[in-house]
$ cat start-v7.pdb   # PDB, C-alpha atoms
ATOM      1  CA  MET P   1       0.000   0.000   0.000
ATOM      2  CA  SER P   2       2.789   2.446   0.916
ATOM      3  CA  LYS P   3       4.510   1.640  -2.379
ATOM      4  CA  SER P   4       1.297   2.496  -4.242
ATOM      5  CA  ILE P   5       0.926   5.779  -2.345
ATOM      6  CA  GLY P   6       4.567   6.621  -3.060
ATOM      7  CA  GLN P   7       4.056   5.929  -6.764
ATOM      8  CA  ARG P   8       0.984   8.200  -6.851
ATOM      9  CA  MET P   9       2.888  10.977  -5.105
ATOM     10  CA  LEU P  10       5.735  10.631  -7.623
ATOM     11  CA  LEU P  11       3.290  10.819 -10.529
ATOM     12  CA  CYS P  12       1.690  13.960  -9.106
ATOM     13  CA  GLN P  13       5.123  15.523  -8.592
ATOM     14  CA  CYS P  14       6.065  14.828 -12.223
ATOM     15  CA  LEU P  15       2.770  16.218 -13.507
ATOM     16  CA  SER P  16       3.217  19.389 -11.464
ATOM     17  CA  LEU P  17       6.484  20.036 -13.342
ATOM     18  CA  LEU P  18       4.893  20.081 -16.782
ATOM     19  CA  PRO P  19       4.940  23.555 -18.378
ATOM     20  CA  THR P  20       1.342  23.565 -19.633
ATOM     21  CA  GLU P  21       0.686  27.321 -19.495
ATOM     22  CA  ASP P  22       0.368  27.468 -23.289
ATOM     23  CA  PHE P  23      -2.760  25.301 -23.037
ATOM     24  CA  GLU P  24      -4.654  27.604 -20.668
ATOM     25  CA  CYS P  25      -6.428  29.600 -23.387
ATOM     26  CA  PRO P  26     -10.184  28.754 -23.232
ATOM     27  CA  LEU P  27     -10.530  29.066 -27.010
ATOM     28  CA  LEU P  28      -8.022  26.254 -27.529
ATOM     29  CA  ASP P  29     -10.435  23.661 -26.129
ATOM     30  CA  TYR P  30     -13.741  25.342 -26.907
ATOM     31  CA  GLY P  31     -16.519  22.721 -26.889
ATOM     32  CA  LYS P  32     -14.196  19.867 -25.839
ATOM     33  CA  LYS P  33     -14.835  17.818 -22.702
ATOM     34  CA  LEU P  34     -11.249  16.599 -22.512
ATOM     35  CA  LYS P  35      -8.914  19.602 -22.230
ATOM     36  CA  THR P  36      -5.560  19.542 -24.002
ATOM     37  CA  LYS P  37      -3.704  20.091 -20.722
ATOM     38  CA  SER P  38      -5.450  17.063 -19.199
ATOM     39  CA  LEU P  39      -4.778  14.982 -22.316
ATOM     40  CA  LEU P  40      -1.064  15.748 -22.121
ATOM     41  CA  LYS P  41      -0.952  14.772 -18.442
ATOM     42  CA  ILE P  42      -2.807  11.510 -19.088
ATOM     43  CA  PHE P  43      -0.295  10.385 -21.696
ATOM     44  CA  VAL P  44       2.715  11.421 -19.610
ATOM     45  CA  THR P  45       1.246   9.465 -16.676
ATOM     46  CA  ALA P  46       0.688   6.502 -19.005
ATOM     47  CA  GLN P  47       4.392   6.546 -19.882
ATOM     48  CA  LEU P  48       5.561   6.892 -16.275
ATOM     49  CA  ASP P  49       3.175   4.266 -14.857
ATOM     50  CA  GLN P  50       3.593   1.925 -17.842
ATOM     51  CA  TRP P  51      -0.006   1.861 -19.012
ATOM     52  CA  THR P  52       0.128  -0.398 -22.068
ATOM     53  CA  SER P  53      -3.258   0.085 -23.757
ATOM     54  CA  TYR P  54      -6.274   2.393 -23.831
ATOM     55  CA  GLU P  55      -8.199  -0.173 -21.765
ATOM     56  CA  HIS P  56      -5.380  -0.115 -19.206
ATOM     57  CA  MET P  57      -5.566   3.704 -19.140
ATOM     58  CA  GLU P  58      -9.295   3.599 -18.409
ATOM     59  CA  GLU P  59      -8.773   1.030 -15.660
ATOM     60  CA  ARG P  60      -5.963   2.941 -13.952
ATOM     61  CA  LEU P  61      -7.786   6.268 -14.080
ATOM     62  CA  ARG P  62     -10.815   4.672 -12.416
ATOM     63  CA  ALA P  63      -8.501   3.317  -9.712
ATOM     64  CA  TYR P  64      -6.919   6.762  -9.063
ATOM     65  CA  PRO P  65      -9.738   9.143  -7.991
ATOM     66  CA  ALA P  66      -7.194  11.721  -6.786
ATOM     67  CA  LEU P  67      -5.444  11.599 -10.144
ATOM     68  CA  LYS P  68      -8.762  12.055 -11.975
ATOM     69  CA  LYS P  69      -9.345  15.137  -9.855
ATOM     70  CA  GLU P  70      -5.830  16.432 -10.639
ATOM     71  CA  LEU P  71      -6.559  15.930 -14.336
ATOM     72  CA  GLU P  72      -9.978  17.608 -14.030
ATOM     73  CA  LEU P  73     -11.705  14.505 -15.408
ATOM     74  CA  GLU P  74     -15.133  13.071 -14.757
ATOM     75  CA  GLU P  75     -15.218  10.204 -17.234
ATOM     76  CA  ILE P  76     -12.800   9.089 -19.929
ATOM     77  CA  SER P  77     -12.923   6.556 -22.742
ATOM     78  CA  GLY P  78     -10.208   4.812 -24.686
ATOM     79  CA  SER P  79     -11.775   5.802 -27.999
ATOM     80  CA  GLN P  80     -11.660   9.446 -26.919
ATOM     81  CA  LEU P  81      -7.944   9.162 -26.090
ATOM     82  CA  SER P  82      -7.238   7.312 -29.343
ATOM     83  CA  ARG P  83      -8.861  10.075 -31.371
ATOM     84  CA  ARG P  84      -7.234  12.941 -29.504
ATOM     85  CA  ILE P  85      -3.641  11.623 -29.692
ATOM     86  CA  ASN P  86      -3.901  11.994 -33.475
ATOM     87  CA  GLU P  87      -5.385  15.493 -33.224
ATOM     88  CA  LEU P  88      -2.921  16.821 -30.665
ATOM     89  CA  SER P  89      -0.593  19.459 -32.122
ATOM     90  CA  THR P  90       2.907  18.000 -32.365
ATOM     91  CA  THR P  91       4.347  21.517 -32.379
ATOM     92  CA  SER P  92       2.693  22.175 -29.011
ATOM     93  CA  VAL P  93       3.951  18.896 -27.515
ATOM     94  CA  GLN P  94       7.434  19.657 -28.825
ATOM     95  CA  GLY P  95       7.196  23.054 -27.121
ATOM     96  CA  VAL P  96       6.510  21.372 -23.766
ATOM     97  CA  PHE P  97       9.512  19.084 -24.340
ATOM     98  CA  GLU P  98      11.780  22.062 -25.098
ATOM     99  CA  LYS P  99      10.636  23.927 -21.974
ATOM    100  CA  ILE P 100      11.208  20.970 -19.665
ATOM    101  CA  THR P 101      14.619  20.442 -21.302
ATOM    102  CA  ASN P 102      15.492  24.038 -20.433
ATOM    103  CA  LYS P 103      14.622  23.256 -16.797
ATOM    104  CA  LEU P 104      17.067  20.356 -16.905
ATOM    105  CA  ARG P 105      19.783  22.595 -18.355
ATOM    106  CA  GLY P 106      19.270  25.014 -15.481
ATOM    107  CA  LEU P 107      19.546  22.225 -12.910
ATOM    108  CA  THR P 108      22.756  20.839 -14.454
ATOM    109  CA  ASN P 109      24.607  24.069 -15.268
ATOM    110  CA  ASP P 110      27.198  23.331 -12.577
ATOM    111  CA  GLN P 111      28.085  19.908 -14.003
ATOM    112  CA  LYS P 112      31.496  19.810 -15.722
ATOM    113  CA  GLY P 113      31.032  16.836 -18.056
ATOM    114  CA  ILE P 114      32.544  13.355 -17.978
ATOM    115  CA  THR P 115      35.699  15.012 -16.618
ATOM    116  CA  LYS P 116      36.635  18.673 -16.333
ATOM    117  CA  ARG P 117      39.128  18.354 -19.202
ATOM    118  CA  ILE P 118      36.715  16.543 -21.514
ATOM    119  CA  GLY P 119      33.695  18.715 -20.713
ATOM    120  CA  PRO P 120      30.070  18.073 -21.756
ATOM    121  CA  LEU P 121      29.273  15.718 -24.632
ATOM    122  CA  SER P 122      26.418  15.542 -27.134
ATOM    123  CA  VAL P 123      25.942  11.980 -28.364
ATOM    124  CA  VAL P 124      24.003  11.723 -31.638
ATOM    125  CA  ASP P 125      22.315   8.557 -32.902
ATOM    126  CA  SER P 126      18.926   7.151 -33.912
ATOM    127  CA  THR P 127      16.694   4.284 -32.881
ATOM    128  CA  GLU P 128      14.048   2.529 -34.947
ATOM    129  CA  LEU P 129      10.507   1.752 -33.857
ATOM    130  CA  ARG P 130       8.885  -1.103 -35.780
ATOM    131  CA  LEU P 131       5.269  -0.564 -36.831
ATOM    132  CA  PRO P 132       2.492  -2.985 -37.861
ATOM    133  CA  GLU P 133       2.910  -3.890 -41.528
ATOM    134  CA  ASN P 134      -0.759  -3.744 -42.561
ATOM    135  CA  LEU P 135      -1.656  -0.559 -40.658
ATOM    136  CA  CYS P 136       1.287   1.714 -41.450
ATOM    137  CA  ASP P 137       1.902   1.727 -45.201
ATOM    138  CA  TRP P 138       3.157   5.314 -44.893
ATOM    139  CA  ALA P 139       6.174   3.970 -42.939
ATOM    140  CA  TYR P 140       7.175   1.316 -45.518
ATOM    141  CA  ILE P 141      10.900   0.494 -45.566
ATOM    142  CA  SER P 142      11.037  -2.893 -47.302
ATOM    143  CA  GLN P 143       8.945  -6.032 -47.717
ATOM    144  CA  GLY P 144       7.539  -6.932 -44.294
ATOM    145  CA  HIS P 145       9.354  -4.045 -42.612
ATOM    146  CA  ASN P 146       7.611  -0.795 -41.636
ATOM    147  CA  GLY P 147       9.078   1.618 -39.134
ATOM    148  CA  VAL P 148       9.972   5.105 -37.989
ATOM    149  CA  LYS P 149      13.125   6.600 -36.497
ATOM    150  CA  MET P 150      13.807   8.883 -33.565
ATOM    151  CA  HIS P 151      17.003  10.797 -34.398
ATOM    152  CA  THR P 152      18.290  11.909 -31.012
ATOM    153  CA  ARG P 153      20.826  14.258 -29.452
ATOM    154  CA  LEU P 154      21.677  13.179 -25.913
ATOM    155  CA  THR P 155      23.404  15.692 -23.644
ATOM    156  CA  VAL P 156      25.898  14.078 -21.242
ATOM    157  CA  VAL P 157      26.656  16.534 -18.444
ATOM    158  CA  SER P 158      28.369  14.100 -16.034
ATOM    159  CA  LYS P 159      29.135  10.406 -15.644
ATOM    160  CA  ASP P 160      25.699   9.901 -14.062
ATOM    161  CA  ILE P 161      23.451  12.470 -15.744
ATOM    162  CA  CYS P 162      22.271  12.611 -19.349
ATOM    163  CA  PHE P 163      19.099  13.759 -21.074
ATOM    164  CA  PRO P 164      17.785  14.198 -24.627
ATOM    165  CA  ASP P 165      17.673  17.847 -25.620
ATOM    166  CA  LYS P 166      16.571  17.457 -29.247
ATOM    167  CA  ILE P 167      14.963  14.822 -31.474
ATOM    168  CA  VAL P 168      13.979  14.640 -35.123
ATOM    169  CA  PRO P 169      11.152  12.138 -35.785
ATOM    170  CA  SER P 170      11.142  10.629 -39.283
ATOM    171  CA  THR P 171      10.102   7.652 -41.351
ATOM    172  CA  GLY P 172      12.536   4.751 -41.318
ATOM    173  CA  LYS P 173      14.057   5.586 -44.693
ATOM    174  CA  VAL P 174      15.618   8.854 -43.478
ATOM    175  CA  SER P 175      19.327   8.206 -42.901
ATOM    176  CA  ASP P 176      21.449   9.417 -39.998
ATOM    177  CA  PHE P 177      23.423  11.467 -42.514
ATOM    178  CA  GLU P 178      20.273  13.375 -43.540
ATOM    179  CA  SER P 179      19.358  14.241 -39.940
ATOM    180  CA  SER P 180      22.788  15.622 -39.023
ATOM    181  CA  ASP P 181      22.048  19.214 -40.120
ATOM    182  CA  PHE P 182      19.237  19.416 -37.548
ATOM    183  CA  LEU P 183      21.094  17.789 -34.628
ATOM    184  CA  ILE P 184      24.688  18.981 -34.969
ATOM    185  CA  GLU P 185      24.733  22.711 -34.286
ATOM    186  CA  GLU P 186      27.229  25.262 -33.051
ATOM    187  CA  ASP P 187      27.463  24.835 -29.288
ATOM    188  CA  ASP P 188      29.901  24.569 -26.395
ATOM    189  CA  THR P 189      30.028  20.774 -26.477
ATOM    190  CA  THR P 190      31.796  17.893 -28.195
ATOM    191  CA  TYR P 191      29.624  15.832 -30.544
ATOM    192  CA  VAL P 192      30.124  12.066 -30.450
ATOM    193  CA  MET P 193      28.943  10.051 -33.453
ATOM    194  CA  ASP P 194      29.234   6.757 -35.268
ATOM    195  CA  ARG P 195      29.965   6.156 -38.963
ATOM    196  CA  GLY P 196      26.498   7.156 -40.228
ATOM    197  CA  TYR P 197      27.082  10.885 -39.766
ATOM    198  CA  PRO P 198      30.451  12.058 -41.167
ATOM    199  CA  SER P 199      31.019  12.657 -44.874
ATOM    200  CA  LYS P 200      33.440  14.993 -46.643
ATOM    201  CA  LYS P 201      30.718  17.631 -46.836
ATOM    202  CA  ASN P 202      29.573  17.236 -43.219
ATOM    203  CA  LEU P 203      33.124  17.192 -41.878
ATOM    204  CA  THR P 204      34.006  20.320 -43.862
ATOM    205  CA  ASP P 205      30.867  22.116 -42.653
ATOM    206  CA  TRP P 206      31.598  21.214 -39.026
ATOM    207  CA  LEU P 207      35.186  22.416 -39.291
ATOM    208  CA  ASN P 208      34.143  25.705 -40.910
ATOM    209  CA  LYS P 209      31.609  26.279 -38.115
ATOM    210  CA  GLY P 210      34.125  25.419 -35.392
ATOM    211  CA  ILE P 211      32.106  22.434 -34.182
ATOM    212  CA  SER P 212      34.000  20.090 -31.871
ATOM    213  CA  PHE P 213      33.557  16.378 -32.607
ATOM    214  CA  VAL P 214      34.752  12.828 -32.029
ATOM    215  CA  THR P 215      33.416  10.550 -34.750
ATOM    216  CA  ARG P 216      34.076   7.117 -36.134
ATOM    217  CA  ILE P 217      34.782   7.111 -39.893
ATOM    218  CA  THR P 218      34.662   4.522 -42.658
ATOM    219  CA  LYS P 219      37.625   3.140 -44.582
ATOM    220  CA  ASN P 220      36.472   5.068 -47.658
ATOM    221  CA  LEU P 221      37.588   8.438 -46.290
ATOM    222  CA  VAL P 222      41.087   9.072 -47.623
ATOM    223  CA  LEU P 223      43.461  10.698 -45.123
ATOM    224  CA  TYR P 224      46.816  12.441 -45.677
ATOM    225  CA  THR P 225      49.252  12.358 -42.775
ATOM    226  CA  VAL P 226      50.728  15.711 -41.736
ATOM    227  CA  LYS P 227      52.346  14.708 -38.455
ATOM    228  CA  LYS P 228      52.690  11.531 -36.401
ATOM    229  CA  ASN P 229      52.251  11.478 -32.618
ATOM    230  CA  THR P 230      53.475   8.773 -30.277
ATOM    231  CA  PRO P 231      50.575   6.701 -28.874
ATOM    232  CA  THR P 232      50.482   6.239 -25.097
ATOM    233  CA  LEU P 233      48.224   3.173 -25.044
ATOM    234  CA  PRO P 234      49.145  -0.307 -26.345
ATOM    235  CA  ASN P 235      45.881  -0.672 -28.303
ATOM    236  CA  VAL P 236      46.309   2.679 -30.107
ATOM    237  CA  VAL P 237      47.836   1.895 -33.500
ATOM    238  CA  ARG P 238      48.027   5.461 -34.870
ATOM    239  CA  ASP P 239      47.701   8.978 -33.456
ATOM    240  CA  GLU P 240      48.258  11.501 -36.241
ATOM    241  CA  ILE P 241      47.478  14.986 -37.500
ATOM    242  CA  VAL P 242      45.854  14.562 -40.927
ATOM    243  CA  ASN P 243      43.970  16.235 -43.760
ATOM    244  CA  PHE P 244      41.112  14.563 -45.614
ATOM    245  CA  GLY P 245      40.053  15.015 -49.246
ATOM    246  CA  ILE P 246      40.677  18.560 -50.439
ATOM    247  CA  SER P 247      40.340  20.100 -46.953
ATOM    248  CA  ASP P 248      43.344  22.034 -45.683
ATOM    249  CA  ILE P 249      42.047  22.199 -42.094
ATOM    250  CA  PRO P 250      43.999  19.678 -39.989
ATOM    251  CA  VAL P 251      42.192  17.168 -37.796
ATOM    252  CA  ARG P 252      43.364  14.420 -35.502
ATOM    253  CA  TYR P 253      43.148  10.750 -36.459
ATOM    254  CA  ILE P 254      43.304   7.934 -33.911
ATOM    255  CA  GLU P 255      43.188   4.273 -34.865
ATOM    256  CA  PHE P 256      42.742   1.694 -32.110
ATOM    257  CA  THR P 257      41.621  -1.891 -31.492
ATOM    258  CA  ASP P 258      39.265  -3.221 -28.832
ATOM    259  CA  ASP P 259      39.577  -6.393 -26.742
ATOM    260  CA  LYS P 260      38.149  -8.437 -29.645
ATOM    261  CA  ASP P 261      40.755  -7.019 -32.034
ATOM    262  CA  ARG P 262      38.177  -4.945 -33.954
ATOM    263  CA  MET P 263      39.608  -1.828 -35.592
ATOM    264  CA  TYR P 264      38.157   1.653 -34.951
ATOM    265  CA  ARG P 265      39.051   4.758 -36.974
ATOM    266  CA  ILE P 266      38.346   8.017 -35.101
ATOM    267  CA  LEU P 267      38.500  11.576 -36.423
ATOM    268  CA  THR P 268      38.421  14.449 -33.927
ATOM    269  CA  THR P 269      39.085  18.149 -33.405
ATOM    270  CA  ARG P 270      40.190  17.593 -29.798
ATOM    271  CA  PHE P 271      43.938  18.214 -30.064
ATOM    272  CA  ASP P 272      44.029  19.176 -26.378
ATOM    273  CA  LEU P 273      43.335  15.680 -25.025
ATOM    274  CA  THR P 274      45.406  12.524 -24.690
ATOM    275  CA  ASP P 275      44.651   9.507 -26.853
ATOM    276  CA  GLU P 276      43.279   7.809 -23.723
ATOM    277  CA  GLU P 277      40.794  10.653 -23.214
ATOM    278  CA  ILE P 278      39.684  10.480 -26.872
ATOM    279  CA  LEU P 279      38.980   6.766 -26.437
ATOM    280  CA  GLU P 280      37.056   7.538 -23.253
ATOM    281  CA  ILE P 281      34.899  10.036 -25.157
ATOM    282  CA  TYR P 282      34.100   7.544 -27.902
ATOM    283  CA  GLN P 283      33.311   4.807 -25.386
ATOM    284  CA  ASN P 284      30.693   7.140 -23.912
ATOM    285  CA  ARG P 285      28.789   6.889 -27.198
ATOM    286  CA  TRP P 286      27.360   3.708 -25.666
ATOM    287  CA  ILE P 287      25.344   5.874 -23.231
ATOM    288  CA  ILE P 288      22.816   6.622 -25.972
ATOM    289  CA  GLU P 289      22.285   2.898 -26.608
ATOM    290  CA  LEU P 290      21.484   2.436 -22.910
ATOM    291  CA  PHE P 291      19.126   5.424 -23.124
ATOM    292  CA  PHE P 292      17.268   3.913 -26.093
ATOM    293  CA  LYS P 293      16.999   0.600 -24.237
ATOM    294  CA  TRP P 294      15.582   2.380 -21.160
ATOM    295  CA  ILE P 295      13.096   4.391 -23.238
ATOM    296  CA  LYS P 296      11.814   1.294 -25.044
ATOM    297  CA  GLY P 297      11.742  -0.862 -21.930
ATOM    298  CA  HIS P 298      10.838   1.226 -18.907
ATOM    299  CA  LEU P 299       8.550   3.675 -20.715
ATOM    300  CA  LYS P 300       7.078   0.913 -22.922
ATOM    301  CA  PHE P 301       7.898   2.962 -26.006
ATOM    302  CA  THR P 302       7.452  -0.207 -28.084
ATOM    303  CA  LYS P 303       3.702  -0.150 -27.265
ATOM    304  CA  ILE P 304       2.357   2.324 -29.799
ATOM    305  CA  TRP P 305      -0.840   4.306 -29.186
ATOM    306  CA  SER P 306      -1.439   5.233 -32.817
ATOM    307  CA  THR P 307      -0.707   4.029 -36.322
ATOM    308  CA  LYS P 308      -0.853   7.528 -37.814
ATOM    309  CA  PRO P 309       2.218   9.778 -38.242
ATOM    310  CA  GLN P 310       1.058  12.599 -35.947
ATOM    311  CA  GLY P 311       0.130  10.175 -33.157
ATOM    312  CA  ILE P 312       3.536   8.448 -33.424
ATOM    313  CA  TRP P 313       5.446  11.763 -33.368
ATOM    314  CA  ASN P 314       3.401  12.861 -30.337
ATOM    315  CA  GLN P 315       4.220   9.647 -28.482
ATOM    316  CA  MET P 316       7.943  10.195 -29.067
ATOM    317  CA  PHE P 317       7.839  13.646 -27.493
ATOM    318  CA  LEU P 318       5.543  12.498 -24.650
ATOM    319  CA  ALA P 319       7.926   9.654 -23.782
ATOM    320  CA  LEU P 320      10.830  12.112 -23.580
ATOM    321  CA  ILE P 321       8.772  14.562 -21.497
ATOM    322  CA  ALA P 322       8.072  11.734 -19.044
ATOM    323  CA  TYR P 323      11.773  10.818 -18.918
ATOM    324  CA  SER P 324      12.809  14.434 -18.356
ATOM    325  CA  ALA P 325      10.196  15.030 -15.632
ATOM    326  CA  SER P 326      11.317  11.955 -13.706
ATOM    327  CA  LEU P 327      14.979  13.053 -14.018
ATOM    328  CA  ILE P 328      14.117  16.500 -12.630
ATOM    329  CA  ILE P 329      12.488  14.843  -9.595
ATOM    330  CA  LYS P 330      15.626  12.742  -9.104
ATOM    331  CA  LEU P 331      17.918  15.779  -9.354
ATOM    332  CA  GLN P 332      15.785  17.834  -6.959
TER     333      GLN P 332
END
$ encode --input "start-v7.pdb" --output "structure tokens"
Amino acid sequence: MSKSIGQRMLLCQCLSLLPTEDFECPLLDYGKKLKTKSLLKIFVTAQLDQWTSYEHMEERLRAYPALKKELELEEISGSQLSRRINELSTTSVQGVFEKITNKLRGLTNDQKGITKRIGPLSVVDSTELRLPENLCDWAYISQGHNGVKMHTRLTVVSKDICFPDKIVPSTGKVSDFESSDFLIEEDDTTYVMDRGYPSKKNLTDWLNKGISFVTRITKNLVLYTVKKNTPTLPNVVRDEIVNFGISDIPVRYIEFTDDKDRMYRILTTRFDLTDEEILEIYQNRWIIELFFKWIKGHLKFTKIWSTKPQGIWNQMFLALIAYSASLIIKLQ
């Protein structure tokens, strides 16, 4: 019983953090029984409390009279929720996500990154969400394979604290390369990426903009050695200053092997760090994989509430709002 009470208190705390002031205008919900603010809170609660279906939502709301009062609800139906998730403005939901992300930035301003020398990191990657084949033709990828992607930028402010500060929802055919212009921006951070993001054009653009990065590259990128450094680790094969293609802006190239003798080719602008610190930065790319696993598992992100594009995009942002609200509670 005490566990149940504690869970309800946590849910109410998270809901109280949601910046819903933009939904207060009476004209926004004119003639609607279910207000947009209440709708948003229902779906965030569903993520936090792992409600897996519209029937489950109805059942849980009946079991939480205090929560129904908090949400200003009298009665609710699954069909009503199903319809409204597709009508909900994705721009508005994204606005709530951006505001709660700003709260997290304020709470973590004093964090110095993985280490003081390395500083904050922005890990960029995407995860795919499979969709029902017969219900989501708009998300067709290949025979028997329909899906969407959540292209994500994850801010790592310390060894223990990370949060998504930007996403780009897309159909599954949009490549990581195509999303890079929206996720990799001028900022006081080091971007960490895998092989799907760098190209001659992207690398040149990042260098011209002064963007700091640590990225894995493919064998196809031709490098020209300018200067050789002496590696300090036994698994570092090369540590060099290089140029690539026709670029005359030098970058640093580190080649190393892991414990299974797999080769990694890393390009970076971080001349100020040791080869060991560069490897530490790249190893932290794994944080985003753990984040995707947590999102899909703990928040039941694999249980979709809609088969329409707008409903899917809304669920992505609502899942991240729930994650961010729970992290704020933890930090406070």
$ residues_around --input "start-v7.pdb" --residues "P:Asp22" --least-positions-apart "4" --cutoff "10 Å" --atoms "only C-alpha atoms" --output "PyMOL selection string"
chain P and resi 28+36-37+92+95-96
$ closest_residue --input "start-v7.pdb" --among "P:Leu48, P:Leu223, P:Leu267, P:Ile118" --to "P:Ser326" --atoms "only C-alpha atoms"
P:Leu48
$ axis_aligned_box --input "start-v7.pdb" --around "stretch 48-65 of chain P" --padding-each-side "5 Å" --output "lines of an AutoDock Vina configuration file"
center_x = -2.6
center_y = 4.4
center_z = -15.9
size_x = 26.4
size_y = 19.5
size_z = 25.8
$ closest_atom_pairs --input "start-v7.pdb" --of "stretch 263-317 of chain P" --to "stretch 203-219 of chain P" --cutoff "12 Å" --atoms "all atoms listed in the file" --output "JSON lines"
{"residue": "P:Met263", "atom": "CA", "partner": "P:Lys219", "partner_atom": "CA", "distance": 10.5}
{"residue": "P:Tyr264", "atom": "CA", "partner": "P:Arg216", "partner_atom": "CA", "distance": 6.9}
{"residue": "P:Arg265", "atom": "CA", "partner": "P:Arg216", "partner_atom": "CA", "distance": 5.6}
{"residue": "P:Ile266", "atom": "CA", "partner": "P:Arg216", "partner_atom": "CA", "distance": 4.5}
{"residue": "P:Leu267", "atom": "CA", "partner": "P:Thr215", "partner_atom": "CA", "distance": 5.4}
{"residue": "P:Thr268", "atom": "CA", "partner": "P:Val214", "partner_atom": "CA", "distance": 4.4}
{"residue": "P:Thr269", "atom": "CA", "partner": "P:Ser212", "partner_atom": "CA", "distance": 5.7}
{"residue": "P:Arg270", "atom": "CA", "partner": "P:Ser212", "partner_atom": "CA", "distance": 7.0}
{"residue": "P:Phe271", "atom": "CA", "partner": "P:Ser212", "partner_atom": "CA", "distance": 10.3}
{"residue": "P:Asp272", "atom": "CA", "partner": "P:Ser212", "partner_atom": "CA", "distance": 11.5}
{"residue": "P:Leu273", "atom": "CA", "partner": "P:Val214", "partner_atom": "CA", "distance": 11.4}
{"residue": "P:Asp275", "atom": "CA", "partner": "P:Val214", "partner_atom": "CA", "distance": 11.7}
{"residue": "P:Glu277", "atom": "CA", "partner": "P:Val214", "partner_atom": "CA", "distance": 10.9}
{"residue": "P:Ile278", "atom": "CA", "partner": "P:Val214", "partner_atom": "CA", "distance": 7.5}
{"residue": "P:Leu279", "atom": "CA", "partner": "P:Val214", "partner_atom": "CA", "distance": 9.3}
{"residue": "P:Glu280", "atom": "CA", "partner": "P:Val214", "partner_atom": "CA", "distance": 10.5}
{"residue": "P:Ile281", "atom": "CA", "partner": "P:Val214", "partner_atom": "CA", "distance": 7.4}
{"residue": "P:Tyr282", "atom": "CA", "partner": "P:Val214", "partner_atom": "CA", "distance": 6.7}
{"residue": "P:Gln283", "atom": "CA", "partner": "P:Val214", "partner_atom": "CA", "distance": 10.5}
{"residue": "P:Asn284", "atom": "CA", "partner": "P:Val214", "partner_atom": "CA", "distance": 10.7}
{"residue": "P:Arg285", "atom": "CA", "partner": "P:Thr215", "partner_atom": "CA", "distance": 9.6}
$ closest_atom_pairs --input "start-v7.pdb" --of "stretch 16-50 of chain P" --to "stretch 290-307 of chain P" --cutoff "12 Å" --atoms "all atoms listed in the file" --output "tab-separated table"
residue	atom	partner	partner_atom	distance
P:Phe43	CA	P:Trp305	CA	9.7
P:Val44	CA	P:Leu299	CA	9.8
P:Thr45	CA	P:Leu299	CA	10.2
P:Ala46	CA	P:Leu299	CA	8.5
P:Gln47	CA	P:Leu299	CA	5.1
P:Leu48	CA	P:Leu299	CA	6.2
P:Asp49	CA	P:Leu299	CA	8.0
P:Gln50	CA	P:Leu299	CA	6.0
$ resolve_selection --input "start-v7.pdb" --expression "the PyMOL selection byres ((chain P and resi 56) around 12)" --output "CSV table (one decimal) with C-alpha atoms, in the coordinates of the input"
chain,number,residue,atom,x,y,z
P,42,ILE,CA,-2.8,11.5,-19.1
P,43,PHE,CA,-0.3,10.4,-21.7
P,45,THR,CA,1.2,9.5,-16.7
P,46,ALA,CA,0.7,6.5,-19.0
P,47,GLN,CA,4.4,6.5,-19.9
P,49,ASP,CA,3.2,4.3,-14.9
P,50,GLN,CA,3.6,1.9,-17.8
P,51,TRP,CA,0.0,1.9,-19.0
P,52,THR,CA,0.1,-0.4,-22.1
P,53,SER,CA,-3.3,0.1,-23.8
P,54,TYR,CA,-6.3,2.4,-23.8
P,55,GLU,CA,-8.2,-0.2,-21.8
P,57,MET,CA,-5.6,3.7,-19.1
P,58,GLU,CA,-9.3,3.6,-18.4
P,59,GLU,CA,-8.8,1.0,-15.7
P,60,ARG,CA,-6.0,2.9,-14.0
P,61,LEU,CA,-7.8,6.3,-14.1
P,62,ARG,CA,-10.8,4.7,-12.4
P,63,ALA,CA,-8.5,3.3,-9.7
P,76,ILE,CA,-12.8,9.1,-19.9
P,77,SER,CA,-12.9,6.6,-22.7
P,78,GLY,CA,-10.2,4.8,-24.7
P,81,LEU,CA,-7.9,9.2,-26.1
P,305,TRP,CA,-0.8,4.3,-29.2
$ atom_distance --input "start-v7.pdb" --atom1 "atom CA of P:Ser158" --atom2 "atom CA of P:Gln111"
6.2 Å
$ closest_residue --input "start-v7.pdb" --among "P:Glu87, P:Ser170, P:Leu18, P:Ile288" --to "P:Asp125" --atoms "all atoms listed in the file"
P:Ile288
$ resolve_selection --input "start-v7.pdb" --expression "the PyMOL selection byres ((chain P and resi 235-247) around 8)" --output "list in words"
Lys200, Thr204, Leu221, Val222, Leu223, Tyr224, Thr225, Val226, Lys227, Lys228, Asn229, Thr230, Pro231, Thr232, Leu233, Pro234, Asp248, Ile249, Pro250, Val251, Arg252, Tyr253, Ile254, Glu255, Phe256, Thr257, Asp258 and Asp275 of chain P
$ atom_distance --input "start-v7.pdb" --atom1 "atom CA of P:Phe97" --atom2 "atom CA of P:Ile321"
5.4 Å
$ closest_residue --input "start-v7.pdb" --among "P:Asp137, P:Ile114, P:Leu73, P:Ser180" --to "P:Lys32" --atoms "all atoms listed in the file"
P:Leu73
$ closest_residue --input "start-v7.pdb" --among "P:Asn314, P:Ile329, P:Asp194, P:Phe182" --to "P:Leu39" --atoms "all atoms listed in the file"
P:Asn314
$ residues_near_point --input "start-v7.pdb" --point "(3.6, 11.3, -35.6)" --cutoff "12 Å" --atoms "only C-alpha atoms" --output "PyMOL selection string"
chain P and resi 85-91+93-94+129+136+138-139+147-150+168-171+304-318
$ closest_residue --input "start-v7.pdb" --among "P:Lys69, P:Glu24, P:Glu276, P:Val157" --to "P:Gly106" --atoms "only C-alpha atoms"
P:Val157
